[in-house]
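Undergrad: work-v4.txt is the file, holding compact mmCIF, C-alpha atoms:
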```
# COMPACT_ATOMS: atom_id res chain seq x y z
CA MET A 12 82.03 135.66 74.85
CA PHE A 13 81.17 137.86 71.89
CA ALA A 14 84.79 137.84 70.77
CA VAL A 15 84.65 134.03 70.59
CA LEU A 16 81.26 134.24 68.85
CA LYS A 17 82.57 136.68 66.24
CA HIS A 18 85.74 134.69 65.65
CA GLU A 19 83.85 131.42 65.21
CA LEU A 20 81.30 132.98 62.85
CA ARG A 21 84.08 134.40 60.69
CA LEU A 22 85.65 130.95 60.59
CA TYR A 23 82.41 129.26 59.53
CA PHE A 24 81.62 131.71 56.77
CA HIS A 25 85.16 131.85 55.41
CA SER A 26 85.27 128.07 55.13
CA LEU A 27 82.72 125.82 53.47
CA THR A 28 81.19 124.42 56.67
CA ALA A 29 78.32 126.85 57.11
CA TYR A 30 77.36 126.69 53.44
CA VAL A 31 77.48 122.88 53.31
CA PHE A 32 75.35 122.70 56.45
CA GLY A 33 72.79 125.18 55.14
CA ALA A 34 72.70 123.61 51.68
CA PHE A 35 72.10 120.12 53.06
CA LEU A 36 69.33 121.31 55.37
CA LEU A 37 67.59 123.32 52.66
CA ALA A 38 67.96 120.54 50.08
CA PHE A 39 66.48 117.93 52.36
CA ILE A 40 63.57 120.10 53.45
CA GLY A 41 63.08 121.11 49.82
CA ILE A 42 62.83 117.47 48.75
CA GLY A 43 60.36 116.87 51.60
CA ALA A 44 58.26 119.85 50.61
CA MET A 45 58.21 118.67 47.00
CA LEU A 46 57.16 115.14 47.99
CA TYR A 47 54.50 116.06 50.53
CA ASN A 48 53.23 119.50 49.66
CA ILE A 49 53.52 119.56 45.90
CA GLN A 50 53.32 115.98 44.62
CA ALA A 51 51.04 114.49 47.28
CA ALA A 52 49.26 117.86 47.63
CA VAL A 53 49.11 117.69 51.44
CA SER A 54 48.82 121.11 53.03
CA ASN A 55 50.55 120.18 56.30
CA PHE A 56 54.04 121.65 56.37
CA GLU A 57 54.86 119.91 59.68
CA PHE A 58 54.99 116.52 57.91
CA VAL A 59 57.88 117.87 55.86
CA LEU A 60 59.72 118.71 59.08
CA GLY A 61 59.01 115.25 60.48
CA PHE A 62 60.54 113.81 57.32
CA GLY A 63 63.41 116.31 57.39
CA SER A 64 64.47 115.55 60.97
CA LEU A 65 66.46 112.58 59.64
CA VAL A 66 68.92 115.01 58.01
CA PHE A 67 70.26 115.96 61.45
CA VAL A 68 72.01 112.60 61.59
CA VAL A 69 74.38 113.81 58.88
CA ILE A 70 74.58 117.56 59.16
CA VAL A 71 74.92 118.12 62.91
CA PRO A 72 78.16 116.11 63.18
CA ILE A 73 79.52 117.92 60.08
CA LEU A 74 78.97 121.23 61.81
CA THR A 75 80.09 120.34 65.31
CA MET A 76 82.98 117.97 64.67
CA ARG A 77 85.66 120.63 64.56
CA VAL A 78 84.39 122.97 67.33
CA ILE A 79 86.77 121.82 70.05
CA ALA A 80 88.54 118.83 68.46
CA GLU A 81 90.30 121.14 65.99
CA GLU A 82 91.46 123.49 68.76
CA ARG A 83 92.97 120.55 70.55
CA LYS A 84 94.69 119.22 67.49
CA GLN A 85 96.29 122.55 66.61
CA LYS A 86 97.06 123.14 70.29
CA THR A 87 95.18 126.45 70.15
CA ASP A 88 93.10 125.35 73.12
CA GLN A 89 96.08 126.49 75.21
CA LEU A 90 95.23 130.00 74.02
CA LEU A 91 91.64 129.53 75.13
CA TYR A 92 92.82 128.75 78.65
CA ALA A 93 95.00 131.83 78.60
CA LEU A 94 92.19 134.14 77.49
CA PRO A 95 90.69 136.43 80.12
CA LEU A 96 87.46 134.44 79.74
CA THR A 97 86.05 131.60 81.75
CA THR A 98 85.69 128.23 80.05
CA THR A 99 81.91 128.62 80.30
CA GLN A 100 82.04 131.82 78.27
CA VAL A 101 84.19 130.16 75.60
CA ILE A 102 81.77 127.24 75.28
CA ILE A 103 78.69 129.48 75.22
CA GLY A 104 80.30 131.69 72.57
CA LYS A 105 81.07 128.68 70.40
CA TYR A 106 77.57 127.28 70.91
CA LEU A 107 75.89 130.59 70.02
CA SER A 108 77.89 130.77 66.79
CA LEU A 109 76.62 127.27 65.91
CA LEU A 110 73.07 128.42 66.62
CA VAL A 111 73.48 131.41 64.30
CA VAL A 112 74.74 129.14 61.50
CA TYR A 113 71.74 126.88 62.12
CA LEU A 114 69.20 129.72 62.30
CA ILE A 115 70.02 131.23 58.90
CA PRO A 116 68.70 128.30 56.78
CA LEU A 117 65.82 127.92 59.22
CA CYS A 118 64.77 131.52 58.57
CA ILE A 119 64.53 130.67 54.88
CA VAL A 120 62.51 127.56 55.71
CA SER A 121 60.06 129.57 57.77
CA ILE A 122 59.02 131.45 54.61
CA TYR A 123 57.83 128.19 52.95
CA PRO A 124 54.49 127.87 54.81
CA LEU A 125 53.65 131.46 53.82
CA ILE A 126 54.41 130.68 50.17
CA PHE A 127 52.26 127.54 50.30
CA ALA A 128 49.50 129.53 52.00
CA GLN A 129 49.21 131.56 48.80
CA PHE A 130 48.04 128.47 46.94
CA GLY A 131 45.86 126.71 49.47
CA GLU A 132 44.74 126.29 53.05
CA VAL A 133 47.80 125.90 55.26
CA TYR A 134 47.14 125.76 58.98
CA LEU A 135 49.91 128.07 60.17
CA PRO A 136 49.95 127.41 63.97
CA THR A 137 50.94 123.76 63.45
CA ALA A 138 53.47 124.68 60.78
CA TYR A 139 55.21 127.29 62.93
CA GLY A 140 54.90 125.19 66.09
CA GLY A 141 56.64 122.46 64.12
CA ILE A 142 59.37 124.82 62.91
CA PHE A 143 59.96 125.99 66.48
CA ALA A 144 60.22 122.40 67.70
CA PHE A 145 62.54 121.65 64.77
CA PHE A 146 64.76 124.49 65.95
CA MET A 147 64.78 123.21 69.54
CA LEU A 148 65.53 119.66 68.38
CA GLY A 149 68.47 120.87 66.30
CA ALA A 150 69.74 123.08 69.12
CA ALA A 151 69.71 120.12 71.53
CA LEU A 152 71.55 117.92 69.01
CA LEU A 153 74.13 120.68 68.46
CA ALA A 154 74.82 120.78 72.21
CA ILE A 155 75.39 117.02 72.18
CA GLY A 156 77.69 117.46 69.17
CA VAL A 157 79.75 120.09 71.00
CA PHE A 158 80.21 117.72 73.91
CA ILE A 159 81.29 114.85 71.65
CA SER A 160 83.76 117.15 69.91
CA SER A 161 85.26 118.09 73.26
CA LEU A 162 86.05 114.44 74.03
CA THR A 163 88.61 113.85 71.29
CA ASP A 164 91.24 115.67 69.25
CA ASN A 165 90.32 113.79 66.08
CA GLN A 166 87.67 115.47 63.91
CA GLY A 167 86.79 112.30 62.01
CA LEU A 168 86.28 110.39 65.21
CA ALA A 169 84.11 113.17 66.61
CA ALA A 170 81.94 113.11 63.47
CA GLY A 171 81.70 109.32 63.55
CA ILE A 172 80.66 109.16 67.18
CA GLY A 173 78.24 112.04 66.58
CA ILE A 174 76.54 110.22 63.69
CA ALA A 175 76.33 107.02 65.76
CA VAL A 176 74.84 108.81 68.78
CA ILE A 177 72.24 110.75 66.78
CA LEU A 178 71.31 107.70 64.70
CA PHE A 179 70.91 105.69 67.89
CA ASN A 180 68.72 108.46 69.30
CA TYR A 181 66.63 108.38 66.13
CA TYR A 182 65.99 104.64 66.31
CA SER A 183 66.22 104.14 70.08
CA VAL A 184 62.50 103.78 70.73
CA SER A 185 61.83 101.16 68.06
CA LEU A 186 65.05 99.35 68.96
CA SER A 187 64.23 99.12 72.66
CA GLU A 188 60.71 97.88 71.92
CA TYR A 189 62.23 95.25 69.71
CA PHE A 190 64.49 93.44 72.13
CA SER A 191 63.75 94.10 75.75
CA ALA A 192 60.25 94.80 76.93
CA THR A 193 60.72 92.01 79.48
CA ALA A 194 61.83 92.70 83.05
CA PHE A 195 65.03 90.71 82.57
CA GLY A 196 66.08 92.65 79.48
CA SER A 197 65.62 95.98 81.26
CA PHE A 198 67.56 94.66 84.25
CA ILE A 199 70.49 93.60 82.08
CA SER A 200 70.64 96.91 80.24
CA LEU A 201 70.54 98.85 83.54
CA CYS A 202 73.43 96.72 84.81
CA ILE A 203 75.39 97.60 81.65
CA LEU A 204 74.61 101.25 82.35
CA ALA A 205 75.97 100.88 85.92
CA PHE A 206 79.13 99.33 84.50
CA ILE A 207 79.57 102.25 82.09
CA ILE A 208 79.17 104.73 84.96
CA ALA A 209 81.89 102.85 86.87
CA VAL A 210 84.22 103.04 83.85
CA ILE A 211 83.62 106.81 83.61
CA VAL A 212 84.43 107.18 87.32
CA ARG A 213 87.66 105.26 86.77
CA TYR A 214 88.57 107.39 83.76
CA LEU A 215 87.98 110.69 85.55
CA THR A 216 89.45 109.96 88.96
CA LYS A 217 92.10 107.36 88.03
CA ASN A 218 91.09 105.56 91.20
CA TYR A 219 90.15 101.86 90.97
CA ILE A 220 88.68 101.51 94.45
CA LEU A 221 86.14 104.28 93.99
CA ALA A 222 85.16 102.89 90.57
CA TYR A 223 84.66 99.36 91.95
CA TRP A 224 82.56 100.69 94.80
CA THR A 225 80.39 102.85 92.55
CA GLY A 226 79.73 100.00 90.12
CA GLY A 227 79.21 97.47 92.91
CA VAL A 228 76.76 99.61 94.86
CA LEU A 229 74.73 100.49 91.76
CA ILE A 230 74.41 96.85 90.67
CA ALA A 231 73.59 95.81 94.26
CA ILE A 232 70.75 98.38 94.38
CA LEU A 233 69.44 97.05 91.06
CA LEU A 234 69.58 93.45 92.37
CA VAL A 235 67.71 94.37 95.56
CA ILE A 236 64.97 96.13 93.57
CA CYS A 237 64.80 93.12 91.25
CA MET A 238 64.41 90.74 94.22
CA LEU A 239 61.73 92.85 95.85
CA ASP A 240 59.57 93.55 92.84
CA ALA A 241 60.59 92.52 89.37
CA SER A 242 57.45 94.05 87.89
CA ILE A 243 59.00 97.52 88.20
CA PHE A 244 61.31 96.61 85.35
CA GLU A 245 58.44 95.47 83.13
CA GLY A 246 58.52 97.69 80.07
CA PHE A 247 60.95 99.97 81.87
CA LEU A 248 63.48 100.34 79.08
CA PRO A 249 61.05 101.34 76.28
CA GLN A 250 59.47 103.82 78.69
CA ILE A 251 62.83 105.39 79.57
CA MET A 252 63.83 105.45 75.90
CA THR A 253 60.61 107.21 74.93
CA GLN A 254 61.19 109.72 77.71
CA LEU A 255 64.79 110.35 76.69
CA SER A 256 64.41 110.30 72.91
CA LEU A 257 64.75 113.75 71.38
CA PHE A 258 63.09 112.75 68.12
CA GLU A 259 60.07 111.10 69.76
CA ARG A 260 59.28 114.35 71.55
CA PHE A 261 59.57 116.24 68.28
CA TYR A 262 56.87 114.03 66.70
CA THR A 263 54.31 115.15 69.29
CA PHE A 264 54.69 118.64 67.80
CA VAL A 265 54.28 117.22 64.30
CA ASN A 266 51.09 115.52 65.49
CA GLY A 267 49.71 118.86 66.65
CA VAL A 268 50.44 119.19 70.35
CA PHE A 269 52.56 122.12 71.52
CA ASP A 270 54.14 120.44 74.52
CA MET A 271 55.87 122.76 77.01
CA THR A 272 57.41 119.81 78.87
CA SER A 273 59.31 118.88 75.70
CA ILE A 274 60.58 122.44 75.33
CA VAL A 275 61.82 122.31 78.92
CA TYR A 276 63.40 118.93 78.18
CA TYR A 277 65.27 120.30 75.15
CA CYS A 278 66.53 123.21 77.26
CA THR A 279 67.78 120.87 79.98
CA ILE A 280 69.58 118.75 77.37
CA ILE A 281 71.28 121.88 76.04
CA VAL A 282 72.30 123.05 79.52
CA PHE A 283 73.50 119.62 80.58
CA PHE A 284 75.67 118.90 77.55
CA LEU A 285 77.17 122.39 77.50
CA PHE A 286 77.94 121.93 81.20
CA LEU A 287 79.59 118.60 80.41
CA SER A 288 81.69 120.20 77.64
CA VAL A 289 82.87 122.84 80.11
CA GLN A 290 83.81 120.04 82.52
CA SER A 291 85.55 118.21 79.70
CA LEU A 292 87.67 121.29 78.90
CA GLU A 293 88.37 121.87 82.59
CA LYS A 294 89.53 118.28 82.86
CA ARG A 295 92.79 119.13 81.12
CA ARG A 296 93.72 121.29 84.05
CA TYR A 297 93.93 118.35 86.42
CA ASN A 298 94.21 115.26 84.25
CA MET B 1421 119.34 104.42 90.10
CA LYS B 1422 117.02 104.40 93.03
CA LYS B 1423 116.63 108.10 93.48
CA PRO B 1424 115.02 109.14 90.17
CA ASP B 1425 112.67 106.17 90.45
CA LYS B 1426 111.48 107.38 93.78
CA ARG B 1427 111.01 110.90 92.54
CA LYS B 1428 109.13 109.62 89.50
CA SER B 1429 106.78 107.58 91.63
CA PHE B 1430 106.29 110.57 93.90
CA TRP B 1431 105.26 112.71 90.95
CA GLN B 1432 103.04 109.93 89.69
CA MET B 1433 101.32 109.78 93.06
CA GLU B 1434 100.97 113.52 93.21
CA LYS B 1435 99.47 113.53 89.70
CA ASN B 1436 97.04 110.80 90.67
CA ARG B 1437 96.06 112.72 93.78
CA VAL B 1438 95.31 115.85 91.74
CA ALA B 1439 93.40 113.77 89.20
CA PHE B 1440 91.40 112.14 91.98
CA ARG B 1441 90.52 115.47 93.55
CA GLY B 1442 89.63 117.19 90.27
CA GLY B 1443 87.84 114.16 88.88
CA SER B 1444 85.70 113.52 91.91
CA TYR B 1445 84.85 117.24 92.11
CA ALA B 1446 83.75 117.20 88.46
CA LEU B 1447 81.76 114.00 88.98
CA ILE B 1448 79.93 115.30 92.03
CA LEU B 1449 79.22 118.61 90.32
CA SER B 1450 77.86 116.79 87.23
CA ALA B 1451 75.71 114.53 89.39
CA VAL B 1452 74.26 117.55 91.22
CA VAL B 1453 73.51 119.37 87.96
CA LEU B 1454 71.94 116.22 86.51
CA ALA B 1455 69.78 115.81 89.62
CA ILE B 1456 68.61 119.43 89.48
CA LEU B 1457 67.73 119.12 85.78
CA ILE B 1458 65.83 115.86 86.34
CA ILE B 1459 63.88 117.45 89.19
CA ILE B 1460 62.97 120.42 86.99
CA ASN B 1461 61.72 118.03 84.31
CA ILE B 1462 59.68 116.01 86.78
CA LEU B 1463 58.15 119.18 88.24
CA VAL B 1464 57.19 120.47 84.81
CA SER B 1465 55.66 117.15 83.75
CA ALA B 1466 53.66 117.09 86.98
CA LEU B 1467 51.88 120.29 85.98
CA PRO B 1468 48.32 119.77 84.70
CA ALA B 1469 48.07 119.05 81.00
CA THR B 1470 45.98 122.14 80.33
CA LEU B 1471 48.94 124.30 81.32
CA THR B 1472 51.66 122.50 79.40
CA LYS B 1473 50.04 120.99 76.32
CA TYR B 1474 48.47 123.30 73.79
CA ASP B 1475 46.47 122.03 70.89
CA ILE B 1476 47.89 123.38 67.64
CA SER B 1477 46.30 120.82 65.31
CA SER B 1478 44.06 122.17 62.58
CA SER B 1479 41.07 119.95 63.47
CA LYS B 1480 41.41 120.56 67.25
CA LEU B 1481 42.03 116.84 67.67
CA TYR B 1482 43.29 117.09 71.23
CA SER B 1483 40.82 119.62 72.60
CA ILE B 1484 37.77 119.00 74.73
CA THR B 1485 34.67 120.81 73.54
CA SER B 1486 32.70 123.11 75.82
CA ASN B 1487 29.81 120.59 75.97
CA THR B 1488 32.08 117.95 77.49
CA LYS B 1489 33.53 120.50 79.87
CA ALA B 1490 30.03 121.36 81.13
CA VAL B 1491 29.22 117.67 81.70
CA VAL B 1492 32.52 116.96 83.44
CA ASN B 1493 32.27 119.98 85.68
CA ALA B 1494 28.76 118.99 86.74
CA LEU B 1495 29.87 115.52 87.90
CA GLU B 1496 28.72 114.66 91.42
CA ASP B 1497 30.06 111.13 91.83
CA ASP B 1498 33.67 110.05 91.58
CA VAL B 1499 34.50 108.47 88.27
CA THR B 1500 37.41 106.12 87.68
CA ILE B 1501 38.42 105.60 84.09
CA TYR B 1502 40.32 102.36 83.54
CA TRP B 1503 42.61 102.56 80.59
CA ILE B 1504 43.56 99.05 79.57
CA VAL B 1505 46.66 99.20 77.47
CA GLN B 1506 49.97 97.44 77.18
CA SER B 1507 52.71 99.74 78.40
CA GLY B 1508 54.73 101.11 75.54
CA MET B 1509 51.79 100.76 73.14
CA GLU B 1510 49.78 103.78 74.32
CA ASP B 1511 47.92 105.71 71.71
CA GLU B 1512 49.00 109.31 71.88
CA VAL B 1513 45.61 110.83 71.10
CA ILE B 1514 43.85 108.84 73.83
CA GLU B 1515 46.61 109.54 76.34
CA ASN B 1516 46.34 113.23 75.66
CA LEU B 1517 42.56 113.29 75.98
CA LEU B 1518 42.61 111.30 79.22
CA GLU B 1519 45.20 113.66 80.68
CA LYS B 1520 42.93 116.57 79.79
CA TYR B 1521 39.97 114.87 81.51
CA ASP B 1522 42.13 114.19 84.54
CA SER B 1523 43.14 117.80 84.95
CA LEU B 1524 39.62 119.06 84.20
CA SER B 1525 37.93 117.67 87.29
CA ASP B 1526 38.99 116.36 90.70
CA LYS B 1527 36.30 113.71 90.51
CA ILE B 1528 37.88 111.94 87.58
CA GLN B 1529 40.67 109.50 88.16
CA ILE B 1530 42.59 107.69 85.45
CA VAL B 1531 44.00 104.24 86.19
CA LYS B 1532 46.25 102.57 83.65
CA LYS B 1533 46.21 98.75 83.55
CA THR B 1534 48.41 96.40 81.60
CA PRO B 1535 46.24 93.49 80.44
CA THR B 1536 48.99 90.87 80.56
CA PHE B 1537 50.54 91.71 83.89
CA PHE B 1538 47.85 92.93 86.26
CA PRO B 1539 45.08 90.76 87.70
CA PRO B 1540 41.69 91.18 86.05
CA LEU B 1541 39.48 94.10 86.98
CA PRO B 1542 36.92 93.77 89.79
CA SER B 1543 34.02 91.66 88.59
CA ASN B 1544 31.40 94.33 89.22
CA ILE B 1545 32.84 96.36 86.38
CA ARG B 1546 31.08 95.50 83.18
CA MET B 1547 33.47 95.56 80.29
CA LYS B 1548 32.22 97.44 77.35
CA LEU B 1549 34.46 97.70 74.39
CA SER B 1550 34.18 101.12 72.93
CA PRO B 1551 37.20 102.26 71.03
CA ILE B 1552 37.44 105.97 70.59
CA ILE B 1553 37.13 106.76 66.95
CA VAL B 1554 38.78 109.98 65.95
```
Rewrite the structure of this file - the entire thing - as C-alpha cells.

TA:
Amino acid sequence: MFAVLKHELRLYFHSLTAYVFGAFLLAFIGIGAMLYNIQAAVSNFEFVLGFGSLVFVVIVPILTMRVIAEERKQKTDQLLYALPLTTTQVIIGKYLSLLVVYLIPLCIVSIYPLIFAQFGEVYLPTAYGGIFAFFMLGAALLAIGVFISSLTDNQGLAAGIGIAVILFNYYSVSLSEYFSATAFGSFISLCILAFIIAVIVRYLTKNYILAYWTGGVLIAILLVICMLDASIFEGFLPQIMTQLSLFERFYTFVNGVFDMTSIVYYCTIIVFFLFLSVQSLEKRRYN
Amino acid sequence: MKKPDKRKSFWQMEKNRVAFRGGSYALILSAVVLAILIIINILVSALPATLTKYDISSSKLYSITSNTKAVVNALEDDVTIYWIVQSGMEDEVIENLLEKYDSLSDKIQIVKKTPTFFPPLPSNIRMKLSPIIV
C-alpha cells in the first residue's frame, strides 16, 4: 500500500498535475477571500469556502482522471494485478496519495483565518469547522472521481464524465425542485432509475433474463406502491436529492452547524465508491 | 467447418458463465455493502440532534438558551408543535431548533404538515401566525 502511495506521489509531483490542482484551488479561494473578506469586509471565512466549493467541479476531475484510466491505457494495470498486493490495497494507496495532494493546498488555506484574525474579529470555530467540512467534501468527490476513472481507459472521457457528475451534484437540488415535485414526476424518475439498474445488471452479468427480471420486479414494486398510496411520492425526489447531495450538506456547515450525520455520510460515500472501484478493477478478472 | 464453430460457441458459453458468476457475485456484494452503509446512515440520523449537531455559529443561532431549557424541562402536559410547511421548502434554522426541542423533552412532539396535501388541522386548534424572527 505504501509502495503504491509513494509511487503515485512521485508521479504527481514530477508532473504538473499536483501543482495545477493546488494552484487552481488556492487561486479560487484567494479570489473568494478577496471578494468577501477584503472588499466586502465580512469576517466570516466560511462564506469563502461556500463560494470556493464550485471549484471542485473543475479540479477534482483534473486530478482523478488519470488514476486508473492511464494504467489501463498503458496496460500497466496488468502489473498491478501481478503485484503481491490485493486490489483493495492498490486502490487505497492511490486514494491516499490523492488525499495528500489535496491536503497540501488546504494546509495553506487553513492559515488564512489566522491571518484575518490579526486584523479583526474572526470567529474561528465556524471557519475551521467549514475548512474541515470542505476537506470532507473534497475527499468524497475524489472517491467518486477514482471510481469514474476506473470505468474507462480514456482520460478525457473520465474527466468529462467527472465534470458532468460533480456539476449535476452541485445543481441537483435546485434542478429537482424545478421539474418534479409532483408524485408523477418522482414516479417517472424512479422508473428510470430502475431501468438503469437493470442495464447495469445486464452489463455485469451478460445475462438478459436476470436483467429483465430485476427491472421488471423493481418497476412492479413501484407501480404497486403508486396504486396503494401515491402521496408517498409527493415531493419524494427533491427530498432524496437533498439527502444525497454532497454540496447541500456542506452548506449546513457554512451556516454554522457542525453536523456529525453529514460527516458520517461523507465517510460512507468514500467507502462505497472506493469499494466500487475495487469491484471495477476485479471485474477484469472475469469479464 | 463445424468443429471450430462448436468449440468457439463452447468457449463463448464458458466465458458467459464465468461472467455471470463473477458479475452476480459483485452485484450482490455491492448491494450488501450499500445496504449496510444506508443502515449506518439511518442509525446516525436517528440519534438525537443534541448528540449529532453542534452549534458553531458565532451568534449561537441554533442553540437553545438555558432559560428555555428550564421551561421545557418543567413541562407537565404533552405539547404537540405543528409545523406547517411545504415539503422541500423547510427553513433550516427552524428545522434545527425544532429538532433540538424534540430531543430536549419527551413531552414535546413535532408534527410536520404540508398545507396543500393534508386535510386542515383539527378545528379546536386556534391558528396563530407567529413567524420566528431570528

Undergrad: When you get a sec, could you note down which chain B residues fall within 10 Å of chain A, using all atoms listed in the file, as a ChimeraX atom specification?

TA: /B:1435-1447,1449-1450,1453-1454,1456-1458,1460-1467,1469,1471-1483,1506-1509,1512-1513,1516,1537-1538

Undergrad: Report, in Å with one decimal, the straight-line distance from CA of Lys105 (chain A) to CA of Leu20 (chain A).

TA: 8.7 Å

Undergrad: Do you know which residues are at most 10 Å from region 92-97 of chain A counting only C-alpha atoms, after dropping those on the same chain fewer than 5 positions away, and could you put them as a compact mmCIF listing (two decimals) with C-alpha atoms, keeping the file's coordinate frame?

TA:
```
# COMPACT_ATOMS: atom_id res chain seq x y z
CA MET A 12 82.03 135.66 74.85
CA ALA A 14 84.79 137.84 70.77
CA VAL A 15 84.65 134.03 70.59
CA THR A 87 95.18 126.45 70.15
CA ILE A 102 81.77 127.24 75.28
CA VAL A 289 82.87 122.84 80.11
CA LEU A 292 87.67 121.29 78.90
CA GLU A 293 88.37 121.87 82.59
CA ARG A 295 92.79 119.13 81.12
CA ARG A 296 93.72 121.29 84.05
```

Undergrad: For CA of Ser121 (chain A) and CA of Leu36 (chain A), determine how far apart the two atoms are, in Å to one decimal place.

TA: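 According to the coordinates, CA of Ser121 (chain A) and CA of Leu36 (chain A) are separated by 12.6 Å.
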
Undergrad: Put the listed atoms of region 226-237 of chain A in a box along x, y and z with 8 Å added on every side and give me the centre and edge lengths in Å to one decimal, as JSON.

TA:
```
{"center_x": 72.3, "center_y": 96.8, "center_z": 92.8, "size_x": 30.9, "size_y": 23.4, "size_z": 21.4}
```

Undergrad: My list of candidates is A:Ile73, A:Leu285, A:Val68, A:Ile142. Which is closest to Ser161 (chain A) when distances are computed with all atoms listed in the file?

TA: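 Answer, going by the shortest atom-to-atom distance: A:Leu285.
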
Undergrad: If we count only C-alpha atoms and set the cut-off at 7 Å, which residues sit around Gly63 (chain A), ignoring sequence neighbours fewer than 2 positions away in its own chain? Please answer as a ChimeraX atom specification.

TA: /A:39-40,43,59-61,65-66

Undergrad: Enter the distance from CA of Ile203 (chain A) to CA of Leu233 (chain A), in Å, rounded to one decimal.

TA: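 Here the two named atoms are 11.1 Å from each other.
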
Undergrad: Under the rule that only C-alpha atoms are counted, which of B:Met1433, B:Leu1524, B:Val1531, B:Val1452 is the nearest residue to Leu1495 (chain B)?

TA: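 Of all the options, B:Leu1524 lies closest to Leu1495 (chain B).
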
Undergrad: Do you know which residues are at most 12 Å from Ile126 (chain A) counting only C-alpha atoms, after dropping those on the same chain fewer than 6 positions away, and could you put them as a list in words?

TA: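 Using only C-alpha atoms, the neighbours found are Ala44, Asn48, Ile49, Ser54, Phe56, Ile119, Val120, Glu132, Val133 and Leu135 of chain A.
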
Undergrad: With all atoms listed in the file as the counted atoms, please give the residues lying no more than 7 Å from region 110-117 of chain A, apart from itself and same-chain residues fewer than 5 positions off, as a list in words.

TA: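 So the residues in contact are Ala29, Gly33, Leu37 and Ala150 of chain A.
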
Undergrad: Generate the output file for the selected residues, C-alpha atoms, as an mmCIF file, keeping the file's coordinate frame.

TA:
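Final output, saved to again.cif:
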```
data_model
loop_
_atom_site.group_PDB
_atom_site.id
_atom_site.type_symbol
_atom_site.label_atom_id
_atom_site.label_comp_id
_atom_site.auth_asym_id
_atom_site.auth_seq_id
_atom_site.Cartn_x
_atom_site.Cartn_y
_atom_site.Cartn_z
ATOM 1 C CA ALA A 29 78.320 126.850 57.110
ATOM 2 C CA GLY A 33 72.790 125.180 55.140
ATOM 3 C CA LEU A 37 67.590 123.320 52.660
ATOM 4 C CA ALA A 150 69.740 123.080 69.120
#
```

Undergrad: Which residues come within 10 Å of Tyr1521 (chain B), counting all atoms listed in the file, excluding same-chain residues fewer than 3 positions away, as a list in words?

TA: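 Selected residues are Ala1469, Thr1470, Ile1484, Thr1488, Lys1489, Val1492, Ile1501, Glu1515, Asn1516, Leu1517, Leu1518, Leu1524, Ser1525, Asp1526, Lys1527, Ile1528, Gln1529 and Ile1530 of chain B.
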
Undergrad: Using all atoms listed in the file for the distances, tell me which of A:Ala80, A:Ile70, A:Ala52, A:Leu255 is nearest to Asp164 (chain A).

TA: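 Among A:Ala80, A:Ile70, A:Ala52, A:Leu255, it is A:Ala80 that comes nearest to Asp164 (chain A).
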
Undergrad: Since fewer atoms than expected are present, regenerate N, CA, C and O atoms for region 1448-1458 of chain B and write them as a PDB file, in the frame of the given file.

TA:
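Contents of rebuild-v3.pdb, as written:
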```
ATOM      1  N   ILE B1448      80.976 114.898  91.083  1.00  0.00           N
ATOM      2  CA  ILE B1448      79.930 115.300  92.030  1.00  0.00           C
ATOM      3  C   ILE B1448      79.143 116.473  91.467  1.00  0.00           C
ATOM      4  O   ILE B1448      77.910 116.507  91.495  1.00  0.00           O
ATOM      5  N   LEU B1449      79.878 117.435  90.892  1.00  0.00           N
ATOM      6  CA  LEU B1449      79.220 118.610  90.320  1.00  0.00           C
ATOM      7  C   LEU B1449      78.253 118.173  89.209  1.00  0.00           C
ATOM      8  O   LEU B1449      77.100 118.621  89.156  1.00  0.00           O
ATOM      9  N   SER B1450      78.719 117.256  88.326  1.00  0.00           N
ATOM     10  CA  SER B1450      77.860 116.790  87.230  1.00  0.00           C
ATOM     11  C   SER B1450      76.630 116.085  87.775  1.00  0.00           C
ATOM     12  O   SER B1450      75.521 116.282  87.278  1.00  0.00           O
ATOM     13  N   ALA B1451      76.842 115.264  88.814  1.00  0.00           N
ATOM     14  CA  ALA B1451      75.710 114.530  89.390  1.00  0.00           C
ATOM     15  C   ALA B1451      74.681 115.509  89.955  1.00  0.00           C
ATOM     16  O   ALA B1451      73.474 115.338  89.766  1.00  0.00           O
ATOM     17  N   VAL B1452      75.177 116.561  90.634  1.00  0.00           N
ATOM     18  CA  VAL B1452      74.260 117.550  91.220  1.00  0.00           C
ATOM     19  C   VAL B1452      73.473 118.250  90.121  1.00  0.00           C
ATOM     20  O   VAL B1452      72.245 118.386  90.188  1.00  0.00           O
ATOM     21  N   VAL B1453      74.193 118.682  89.063  1.00  0.00           N
ATOM     22  CA  VAL B1453      73.510 119.370  87.960  1.00  0.00           C
ATOM     23  C   VAL B1453      72.475 118.462  87.319  1.00  0.00           C
ATOM     24  O   VAL B1453      71.337 118.866  87.060  1.00  0.00           O
ATOM     25  N   LEU B1454      72.866 117.185  87.115  1.00  0.00           N
ATOM     26  CA  LEU B1454      71.940 116.220  86.510  1.00  0.00           C
ATOM     27  C   LEU B1454      70.691 116.072  87.377  1.00  0.00           C
ATOM     28  O   LEU B1454      69.558 116.083  86.876  1.00  0.00           O
ATOM     29  N   ALA B1455      70.913 115.972  88.705  1.00  0.00           N
ATOM     30  CA  ALA B1455      69.780 115.810  89.620  1.00  0.00           C
ATOM     31  C   ALA B1455      68.848 117.007  89.542  1.00  0.00           C
ATOM     32  O   ALA B1455      67.622 116.855  89.456  1.00  0.00           O
ATOM     33  N   ILE B1456      69.435 118.220  89.539  1.00  0.00           N
ATOM     34  CA  ILE B1456      68.610 119.430  89.480  1.00  0.00           C
ATOM     35  C   ILE B1456      67.783 119.438  88.190  1.00  0.00           C
ATOM     36  O   ILE B1456      66.575 119.702  88.199  1.00  0.00           O
ATOM     37  N   LEU B1457      68.439 119.089  87.066  1.00  0.00           N
ATOM     38  CA  LEU B1457      67.730 119.120  85.780  1.00  0.00           C
ATOM     39  C   LEU B1457      66.610 118.081  85.748  1.00  0.00           C
ATOM     40  O   LEU B1457      65.514 118.354  85.248  1.00  0.00           O
ATOM     41  N   ILE B1458      66.876 116.891  86.317  1.00  0.00           N
ATOM     42  CA  ILE B1458      65.830 115.860  86.340  1.00  0.00           C
ATOM     43  C   ILE B1458      64.651 116.333  87.179  1.00  0.00           C
ATOM     44  O   ILE B1458      63.489 116.180  86.793  1.00  0.00           O
TER      45      ILE B1458
END
```
